[in-house]
Every structure is written in structure tokens, then in C-alpha cells.
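Next up, start.pdb (PDB, C-alpha atoms):
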```pdb
ATOM      1  CA  MET Z   1     -61.020  42.366-102.335
ATOM      2  CA  ASP Z   2     -59.115  45.379-103.595
ATOM      3  CA  SER Z   3     -62.063  47.670-102.968
ATOM      4  CA  GLN Z   4     -62.324  46.387 -99.402
ATOM      5  CA  LYS Z   5     -58.601  47.020 -98.812
ATOM      6  CA  SER Z   6     -58.826  50.479-100.317
ATOM      7  CA  PHE Z   7     -61.871  51.259 -98.135
ATOM      8  CA  VAL Z   8     -60.008  50.114 -95.001
ATOM      9  CA  LYS Z   9     -56.978  52.204 -96.021
ATOM     10  CA  MET Z  10     -59.188  55.233 -96.736
ATOM     11  CA  GLN Z  11     -60.930  54.819 -93.382
ATOM     12  CA  ALA Z  12     -57.572  54.610 -91.574
ATOM     13  CA  ASP Z  13     -56.384  57.759 -93.390
ATOM     14  CA  VAL Z  14     -59.530  59.648 -92.371
ATOM     15  CA  GLU Z  15     -59.207  58.526 -88.745
ATOM     16  CA  THR Z  16     -55.550  59.585 -88.682
ATOM     17  CA  GLN Z  17     -56.273  62.908 -90.348
ATOM     18  CA  PHE Z  18     -59.051  63.943 -87.936
ATOM     19  CA  SER Z  19     -57.837  62.416 -84.692
ATOM     20  CA  PRO Z  20     -57.118  64.784 -81.789
ATOM     21  CA  ARG Z  21     -53.607  63.356 -81.584
ATOM     22  CA  GLU Z  22     -52.847  64.324 -85.170
ATOM     23  CA  PHE Z  23     -54.528  67.690 -84.685
ATOM     24  CA  PHE Z  24     -52.142  68.645 -81.878
ATOM     25  CA  LEU Z  25     -49.154  66.587 -83.116
ATOM     26  CA  PRO Z  26     -47.461  69.497 -84.934
ATOM     27  CA  CYS Z  27     -46.930  71.061 -81.512
ATOM     28  CA  PHE Z  28     -44.903  68.095 -80.322
ATOM     29  CA  ARG Z  29     -42.517  67.625 -83.247
ATOM     30  CA  ALA Z  30     -38.765  67.703 -82.672
ATOM     31  CA  LYS Z  31     -38.333  71.180 -84.170
ATOM     32  CA  TYR Z  32     -39.896  72.724 -81.040
ATOM     33  CA  PRO Z  33     -39.508  70.153 -78.250
ATOM     34  CA  TYR Z  34     -40.194  72.752 -75.564
ATOM     35  CA  VAL Z  35     -43.632  73.643 -76.917
ATOM     36  CA  ALA Z  36     -45.428  70.701 -75.258
ATOM     37  CA  ALA Z  37     -44.065  71.668 -71.850
ATOM     38  CA  GLY Z  38     -44.790  75.311 -72.635
ATOM     39  CA  LEU Z  39     -48.426  74.535 -73.487
ATOM     40  CA  PHE Z  40     -48.825  72.729 -70.181
ATOM     41  CA  PHE Z  41     -47.212  75.685 -68.392
ATOM     42  CA  VAL Z  42     -49.569  78.136 -70.140
ATOM     43  CA  PHE Z  43     -52.572  75.995 -69.153
ATOM     44  CA  ALA Z  44     -51.403  75.657 -65.546
ATOM     45  CA  ILE Z  45     -50.674  79.369 -65.093
ATOM     46  CA  ALA Z  46     -53.956  80.359 -66.763
ATOM     47  CA  LEU Z  47     -55.978  77.954 -64.613
ATOM     48  CA  ILE Z  48     -54.265  78.965 -61.368
ATOM     49  CA  VAL Z  49     -54.767  82.684 -62.040
ATOM     50  CA  ARG Z  50     -58.431  82.149 -62.929
ATOM     51  CA  LEU Z  51     -59.126  79.977 -59.892
ATOM     52  CA  ILE Z  52     -57.506  82.569 -57.621
ATOM     53  CA  TYR Z  53     -59.701  85.243 -59.200
ATOM     54  CA  VAL Z  54     -62.875  83.183 -58.681
ATOM     55  CA  TRP Z  55     -61.834  82.476 -55.093
ATOM     56  CA  GLN Z  56     -61.296  86.197 -54.480
ATOM     57  CA  ILE Z  57     -64.610  87.320 -55.959
ATOM     58  CA  SER Z  58     -66.556  84.581 -54.177
ATOM     59  CA  SER Z  59     -66.558  86.671 -50.988
ATOM     60  CA  MET Z  60     -68.039  89.726 -52.715
ATOM     61  CA  PRO Z  61     -71.758  90.449 -52.290
ATOM     62  CA  LEU Z  62     -72.452  90.519 -56.055
ATOM     63  CA  PHE Z  63     -71.089  86.999 -56.500
ATOM     64  CA  GLU Z  64     -74.464  85.563 -55.491
ATOM     65  CA  ALA Z  65     -76.512  88.296 -57.209
ATOM     66  CA  PRO Z  66     -76.009  88.298 -60.981
ATOM     67  CA  MET Z  67     -76.929  91.552 -62.672
ATOM     68  CA  ILE Z  68     -78.218  92.602 -66.108
ATOM     69  CA  ASP Z  69     -77.225  89.988 -68.736
ATOM     70  CA  ALA Z  70     -75.999  87.477 -66.155
ATOM     71  CA  GLU Z  71     -79.339  87.757 -64.379
ATOM     72  CA  MET Z  72     -81.218  87.156 -67.640
ATOM     73  CA  TYR Z  73     -79.119  84.066 -68.432
ATOM     74  CA  ASP Z  74     -79.732  82.783 -64.914
ATOM     75  CA  LEU Z  75     -83.504  83.354 -65.159
ATOM     76  CA  LYS Z  76     -83.665  81.686 -68.592
ATOM     77  CA  ALA Z  77     -81.714  78.707 -67.247
ATOM     78  CA  MET Z  78     -84.130  78.329 -64.356
ATOM     79  CA  LYS Z  79     -87.093  78.520 -66.778
ATOM     80  CA  ILE Z  80     -85.474  75.846 -68.945
ATOM     81  CA  LEU Z  81     -85.097  73.625 -65.871
ATOM     82  CA  GLN Z  82     -88.740  74.163 -64.959
ATOM     83  CA  SER Z  83     -89.715  73.346 -68.569
ATOM     84  CA  ALA Z  84     -91.641  76.577 -68.713
ATOM     85  CA  ALA Z  85     -92.733  77.469 -72.218
ATOM     86  CA  GLU Z  86     -91.404  80.790 -73.369
ATOM     87  CA  GLU Z  87     -94.020  83.212 -74.666
ATOM     88  CA  LYS Z  88     -91.532  85.156 -76.745
ATOM     89  CA  PRO Z  89     -88.252  84.138 -78.399
ATOM     90  CA  PHE Z  90     -84.848  84.612 -76.810
ATOM     91  CA  TYR Z  91     -83.535  88.100 -77.298
ATOM     92  CA  GLN Z  92     -79.999  86.731 -76.879
ATOM     93  CA  ALA Z  93     -78.362  83.551 -78.091
ATOM     94  CA  PRO Z  94     -79.744  80.688 -75.962
ATOM     95  CA  LEU Z  95     -76.657  78.415 -75.819
ATOM     96  CA  TYR Z  96     -75.318  79.948 -72.630
ATOM     97  CA  SER Z  97     -78.695  79.615 -70.901
ATOM     98  CA  TYR Z  98     -78.763  75.925 -71.826
ATOM     99  CA  PHE Z  99     -75.201  75.543 -70.508
ATOM    100  CA  LEU Z 100     -76.260  77.058 -67.184
ATOM    101  CA  ALA Z 101     -79.370  74.870 -67.111
ATOM    102  CA  LEU Z 102     -77.218  71.776 -67.603
ATOM    103  CA  ILE Z 103     -74.855  72.843 -64.810
ATOM    104  CA  TYR Z 104     -77.765  73.668 -62.500
ATOM    105  CA  SER Z 105     -79.412  70.315 -63.196
ATOM    106  CA  ILE Z 106     -76.234  68.448 -62.243
ATOM    107  CA  PHE Z 107     -74.855  70.562 -59.376
ATOM    108  CA  GLY Z 108     -77.850  72.563 -58.213
ATOM    109  CA  HIS Z 109     -78.461  76.297 -58.447
ATOM    110  CA  ASP Z 110     -74.978  77.409 -57.435
ATOM    111  CA  TYR Z 111     -73.007  80.235 -59.031
ATOM    112  CA  LEU Z 112     -69.575  78.800 -58.193
ATOM    113  CA  VAL Z 113     -69.589  75.719 -60.442
ATOM    114  CA  PRO Z 114     -70.290  77.543 -63.744
ATOM    115  CA  ARG Z 115     -67.523  79.993 -62.919
ATOM    116  CA  LEU Z 116     -65.082  77.177 -62.190
ATOM    117  CA  LEU Z 117     -65.959  75.453 -65.456
ATOM    118  CA  GLN Z 118     -65.589  78.718 -67.336
ATOM    119  CA  SER Z 119     -62.170  79.158 -65.728
ATOM    120  CA  ALA Z 120     -61.118  75.754 -67.068
ATOM    121  CA  ILE Z 121     -62.468  76.625 -70.536
ATOM    122  CA  GLY Z 122     -60.627  79.942 -70.316
ATOM    123  CA  ALA Z 123     -57.368  78.112 -69.581
ATOM    124  CA  ILE Z 124     -58.012  75.923 -72.635
ATOM    125  CA  ASN Z 125     -58.588  79.133 -74.624
ATOM    126  CA  CYS Z 126     -55.110  80.307 -73.630
ATOM    127  CA  VAL Z 127     -53.621  77.054 -74.916
ATOM    128  CA  MET Z 128     -55.538  77.481 -78.173
ATOM    129  CA  VAL Z 129     -54.170  81.030 -78.497
ATOM    130  CA  ALA Z 130     -50.687  79.548 -78.096
ATOM    131  CA  LEU Z 131     -51.443  76.922 -80.759
ATOM    132  CA  VAL Z 132     -52.706  79.535 -83.208
ATOM    133  CA  GLY Z 133     -49.619  81.658 -82.546
ATOM    134  CA  LYS Z 134     -47.355  78.641 -83.032
ATOM    135  CA  ARG Z 135     -48.951  77.685 -86.321
ATOM    136  CA  LEU Z 136     -48.826  81.235 -87.681
ATOM    137  CA  PHE Z 137     -45.586  82.640 -86.253
ATOM    138  CA  GLY Z 138     -43.559  79.908 -84.523
ATOM    139  CA  GLY Z 139     -43.192  78.120 -81.199
ATOM    140  CA  ARG Z 140     -41.777  80.908 -79.043
ATOM    141  CA  GLU Z 141     -44.213  83.469 -80.360
ATOM    142  CA  GLY Z 142     -47.135  81.118 -79.772
ATOM    143  CA  LEU Z 143     -46.097  80.498 -76.187
ATOM    144  CA  LEU Z 144     -45.684  84.224 -75.644
ATOM    145  CA  ALA Z 145     -49.193  84.841 -76.998
ATOM    146  CA  GLY Z 146     -50.589  82.087 -74.779
ATOM    147  CA  GLY Z 147     -48.809  83.542 -71.759
ATOM    148  CA  ILE Z 148     -50.189  87.001 -72.480
ATOM    149  CA  ALA Z 149     -53.695  85.536 -72.817
ATOM    150  CA  ALA Z 150     -53.210  83.644 -69.533
ATOM    151  CA  LEU Z 151     -52.539  86.899 -67.683
ATOM    152  CA  TYR Z 152     -54.807  89.259 -69.617
ATOM    153  CA  GLY Z 153     -57.139  90.902 -67.099
ATOM    154  CA  PRO Z 154     -60.334  91.332 -69.164
ATOM    155  CA  LEU Z 155     -60.305  87.648 -70.146
ATOM    156  CA  ILE Z 156     -59.873  86.624 -66.520
ATOM    157  CA  HIS Z 157     -62.684  88.950 -65.428
ATOM    158  CA  PHE Z 158     -65.227  87.811 -68.011
ATOM    159  CA  GLU Z 159     -64.435  84.143 -67.403
ATOM    160  CA  GLY Z 160     -65.362  84.737 -63.768
ATOM    161  CA  GLU Z 161     -68.764  86.197 -64.661
ATOM    162  CA  LEU Z 162     -71.936  84.417 -65.725
ATOM    163  CA  LEU Z 163     -71.577  85.663 -69.275
ATOM    164  CA  ARG Z 164     -70.954  84.064 -72.653
ATOM    165  CA  PRO Z 165     -67.645  85.580 -73.924
ATOM    166  CA  VAL Z 166     -65.721  82.505 -72.789
ATOM    167  CA  PHE Z 167     -67.756  80.392 -75.226
ATOM    168  CA  ILE Z 168     -67.533  82.913 -78.053
ATOM    169  CA  ILE Z 169     -63.742  82.892 -77.718
ATOM    170  CA  PHE Z 170     -63.634  79.082 -77.393
ATOM    171  CA  PHE Z 171     -65.664  78.443 -80.527
ATOM    172  CA  GLY Z 172     -63.854  81.175 -82.457
ATOM    173  CA  LEU Z 173     -60.419  79.771 -81.602
ATOM    174  CA  SER Z 174     -61.616  76.233 -82.364
ATOM    175  CA  MET Z 175     -62.749  77.389 -85.790
ATOM    176  CA  ILE Z 176     -59.438  79.159 -86.449
ATOM    177  CA  LEU Z 177     -57.471  76.046 -85.449
ATOM    178  CA  CYS Z 178     -59.622  73.866 -87.699
ATOM    179  CA  ILE Z 179     -59.107  76.229 -90.631
ATOM    180  CA  LEU Z 180     -55.343  76.344 -90.024
ATOM    181  CA  SER Z 181     -55.196  72.557 -89.767
ATOM    182  CA  TRP Z 182     -57.196  72.228 -92.963
ATOM    183  CA  SER Z 183     -55.050  74.748 -94.833
ATOM    184  CA  GLU Z 184     -51.834  72.977 -93.790
ATOM    185  CA  ASP Z 185     -53.136  69.726 -95.267
ATOM    186  CA  ARG Z 186     -53.740  71.333 -98.678
TER
END
```
Kindly transcribe the structure held in the file into C-alpha cells.
Amino acid sequence: MDSQKSFVKMQADVETQFSPREFFLPCFRAKYPYVAAGLFFVFAIALIVRLIYVWQISSMPLFEAPMIDAEMYDLKAMKILQSAAEEKPFYQAPLYSYFLALIYSIFGHDYLVPRLLQSAIGAINCVMVALVGKRLFGGREGLLAGGIAALYGPLIHFEGELLRPVFIIFFGLSMILCILSWSEDR
């Protein structure tokens, strides 16, 4: 009986420790009550700016004609959808091509939807920058860093292109947040 109770307690501890609520809970503690509203504000501003940028570039001629790396990702995605066997290995990391293939399979071969999804991921990246800044330097500094990321031109530009930097930044920030969360528990 005791072993069963200890297993249930251990399982509850593990679920609490790794739940998304507990992961983001330090941002909502009473010491910085404005941080939760600030994170939402950073996300909203970042998303609005990115959507305006995508809307503006959608009327440009190169919006429907990806070039260089974007063209290669697009071609690889179409080959993945056609289940064409590749004669030679990818010369670039294939994750982004599979992402595009998934988007194309759901929404059709349209260049707007991947850019909109990347804009949303970019807005999440800005929130993660704010969370990293909060954990390392404090609430105000984190929100300032998130606000700067929300308005930083090169991030906005590359999130509006059919390129992979948005995912590199997303996975990098996710890893940093996991490491910070782990180090705080030790």
C-alpha cells in the first residue's frame, strides 16, 4: 500500500513539475503582477506588427515567387507531397521542407498561410524572449526585451519569408527556457 501511495505522490509531483502551467507560473506570481498582462501585450503587439507586414508584402510581385533558399524549400515540400524519392540527400536541414509540406497538404499550395503561421510563431518567440529576460534579469527588463523583439525589423522580415530562422529561434528559446526552468529547480 505504501509503495502505491508513494508512486501516486511521485507521479503527481512529476506532473506538477513538468506541466505548462507550472512552467509559466513564475511569471504570474505576486512579485510581478503586471508581467502576465505585459506578456499578453508583447504577444499582441508582435502579432499585429507581423500581420501588417505580411499584408503589406502580399501585394509585391516576389510574394508569389520564392527565390534561392525559399524556392528550394518550396520545391522540396512539393516533392515530399508527391512522394517523390530523392536521389541525393538534403543539402539543408529538412524540417522546414516538411513543415511546408504539411501546410500545403492542409491548405493547398499557397504562400500566405505559412507566412501567417510563422508570424504567430514569431509572436510566441517574442513572449519567450520576455520570459528569458524575466528569469535572468527581472520582470521589467524581460518585458522590455520582449517589446524590442516584437519591433525588431530583421525578425519581422525573416518571419515573413519562407525561410527557417523562425524555427531556429523558436527551438533555441525553448531550449533556453527549459534549461532555466531546470536550473531553478536545482
Which of these, Z:Gln82, Z:Ala123, Z:Leu173, Z:Leu180, has the shortest distance to Ala149 in chain Z once you count all atoms listed in the file?
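Closest to Ala149 in chain Z of all the choices is Z:Ala123.
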Quick one: pull the distance between CA of Gly138 in chain Z and CA of Leu51 in chain Z, Å, one decimal.
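Distance reported for this atom pair: 29.1 Å.
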Name the residues that the PyMOL selection byres ((chain Z and resi 40) around 12) pulls out of this structure, and write them as number ranges by chain.
Z: 27-28, 34-39, 41-47, 123-124, 126-128, 130-131, 143, 146-147, 150
Option closest in space to Ile168 in chain Z, from Z:Ile103, Z:Leu95, Z:Glu184, Z:Val129 [counting all atoms listed in the file]
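Smallest distance to Ile168 in chain Z is found for Z:Leu95.
CA of Phe63 in chain Z to CA of Leu102 in chain Z spans 19.8 Å [interatomic distance, one decimal].
Shortest atom-to-atom contact with Lys76 in chain Z among Z:Arg115, Z:Glu141, Z:Ala101, Z:Ser58: Z:Ala101, counting all atoms listed in the file.
Closest approach to Leu151 in chain Z from the set Z:Pro114, Z:Pro61, Z:Gly122, Z:Gly139 is made by Z:Gly122, with distances taken over all atoms listed in the file.
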Write out as a PDB file with C-alpha atoms, keeping the file's coordinate frame which residues come within 9 Å of Ser174 in chain Z when counting only C-alpha atoms, dropping same-chain ones fewer than 5 positions away.
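Everything below was put into part_0.pdb:
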```pdb
ATOM      1  CA  ASN Z 125     -58.588  79.133 -74.624  1.00  0.00           C
ATOM      2  CA  MET Z 128     -55.538  77.481 -78.173  1.00  0.00           C
ATOM      3  CA  ILE Z 169     -63.742  82.892 -77.718  1.00  0.00           C
ATOM      4  CA  ILE Z 179     -59.107  76.229 -90.631  1.00  0.00           C
TER       5      ILE Z 179
END
```
Give the answer as one residue: which of Z:Gln92, Z:Leu75, Z:Leu112, Z:His157 has the shortest atom-to-atom distance to Trp55 in chain Z, using only C-alpha atoms?
Z:Leu112
Reference answer for the PyMOL selection byres ((chain Z and resi 64) around 12), as an MDAnalysis selection string:
chainID Z and resid 57:63 65:67 70:71 74 109:112 115 161:162
Give as a PyMOL selection string the residues that the PyMOL selection byres ((chain Z and resi 96) around 9) matches when applied to the coordinates above.
chain Z and resi 73+77+93-95+97-101+162-164+167
Those residues you just picked out, can you put them in a file as an mmCIF file, in the coordinates of the input with C-alpha atoms?
```cif
data_model
loop_
_atom_site.group_PDB
_atom_site.id
_atom_site.type_symbol
_atom_site.label_atom_id
_atom_site.label_comp_id
_atom_site.auth_asym_id
_atom_site.auth_seq_id
_atom_site.Cartn_x
_atom_site.Cartn_y
_atom_site.Cartn_z
ATOM 1 C CA TYR Z 73 -79.119 84.066 -68.432
ATOM 2 C CA ALA Z 77 -81.714 78.707 -67.247
ATOM 3 C CA ALA Z 93 -78.362 83.551 -78.091
ATOM 4 C CA PRO Z 94 -79.744 80.688 -75.962
ATOM 5 C CA LEU Z 95 -76.657 78.415 -75.819
ATOM 6 C CA SER Z 97 -78.695 79.615 -70.901
ATOM 7 C CA TYR Z 98 -78.763 75.925 -71.826
ATOM 8 C CA PHE Z 99 -75.201 75.543 -70.508
ATOM 9 C CA LEU Z 100 -76.260 77.058 -67.184
ATOM 10 C CA ALA Z 101 -79.370 74.870 -67.111
ATOM 11 C CA LEU Z 162 -71.936 84.417 -65.725
ATOM 12 C CA LEU Z 163 -71.577 85.663 -69.275
ATOM 13 C CA ARG Z 164 -70.954 84.064 -72.653
ATOM 14 C CA PHE Z 167 -67.756 80.392 -75.226
#
```
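Coordinates place CA of Met78 in chain Z at a distance of 15.3 Å from CA of Val113 in chain Z.
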Using all atoms listed in the file for the distances, tell me which of Z:Gly142, Z:Tyr53, Z:Ile48, Z:Cys178 is nearest to Pro154 in chain Z.
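Smallest separation from Pro154 in chain Z among the options: Z:Tyr53.
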Render range 109-177 of chain Z from the structure in the preceding block as a file of C-alpha atoms, as a compact mmCIF listing (two decimals), in the first residue's frame.
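Here's the written file part.txt:
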```txt
# COMPACT_ATOMS: atom_id res chain seq x y z
CA HIS Z 109 -0.03 25.36 -52.33
CA ASP Z 110 -0.44 28.90 -51.02
CA TYR Z 111 2.37 31.13 -49.78
CA LEU Z 112 0.19 33.18 -47.42
CA VAL Z 113 -0.66 30.50 -44.83
CA PRO Z 114 2.94 29.53 -43.96
CA ARG Z 115 3.78 33.20 -43.54
CA LEU Z 116 0.80 33.74 -41.24
CA LEU Z 117 1.76 30.73 -39.14
CA GLN Z 118 5.35 31.93 -38.97
CA SER Z 119 4.07 35.32 -37.82
CA ALA Z 120 2.22 33.64 -34.96
CA ILE Z 121 5.33 31.61 -34.05
CA GLY Z 122 7.36 34.82 -34.22
CA ALA Z 123 4.97 36.48 -31.75
CA ILE Z 124 5.41 33.48 -29.44
CA ASN Z 125 9.19 33.93 -29.83
CA CYS Z 126 8.84 37.49 -28.54
CA VAL Z 127 6.99 36.22 -25.47
CA MET Z 128 9.73 33.64 -24.91
CA VAL Z 129 12.36 36.40 -25.15
CA ALA Z 130 10.41 38.26 -22.46
CA LEU Z 131 10.30 35.12 -20.30
CA VAL Z 132 14.03 34.55 -20.64
CA GLY Z 133 14.68 38.20 -19.77
CA LYS Z 134 12.36 37.97 -16.76
CA ARG Z 135 14.03 34.85 -15.43
CA LEU Z 136 17.54 36.26 -15.87
CA PHE Z 137 17.12 39.97 -15.10
CA GLY Z 138 13.63 40.70 -13.74
CA GLY Z 139 10.10 41.47 -14.88
CA ARG Z 140 10.55 44.94 -16.34
CA GLU Z 141 13.72 44.01 -18.16
CA GLY Z 142 12.07 40.91 -19.60
CA LEU Z 143 9.13 42.90 -20.90
CA LEU Z 144 11.49 45.46 -22.39
CA ALA Z 145 13.41 42.68 -24.17
CA GLY Z 146 10.16 41.18 -25.44
CA GLY Z 147 9.00 44.57 -26.68
CA ILE Z 148 12.28 45.14 -28.50
CA ALA Z 149 11.99 41.70 -30.11
CA ALA Z 150 8.38 42.47 -31.09
CA LEU Z 151 9.50 45.53 -33.05
CA TYR Z 152 12.89 44.34 -34.30
CA GLY Z 153 12.88 44.68 -38.09
CA PRO Z 154 15.07 41.71 -39.14
CA LEU Z 155 12.94 39.30 -37.08
CA ILE Z 156 9.77 40.66 -38.65
CA HIS Z 157 11.27 40.40 -42.14
CA PHE Z 158 12.51 36.82 -41.82
CA GLU Z 159 9.25 35.67 -40.24
CA GLY Z 160 7.51 36.94 -43.37
CA GLU Z 161 9.74 34.90 -45.69
CA LEU Z 162 9.63 31.20 -46.49
CA LEU Z 163 12.78 30.56 -44.52
CA ARG Z 164 13.66 28.64 -41.37
CA PRO Z 165 15.06 31.27 -38.91
CA VAL Z 166 11.71 31.48 -37.13
CA PHE Z 167 12.04 27.80 -36.17
CA ILE Z 168 15.71 28.07 -35.23
CA ILE Z 169 14.85 30.92 -32.86
CA PHE Z 170 11.77 29.07 -31.51
CA PHE Z 171 13.66 25.89 -30.69
CA GLY Z 172 16.64 27.81 -29.31
CA LEU Z 173 14.46 29.88 -26.97
CA SER Z 174 12.51 26.77 -25.94
CA MET Z 175 15.77 25.07 -25.02
CA ILE Z 176 16.97 28.10 -23.04
CA LEU Z 177 13.67 28.26 -21.13
```
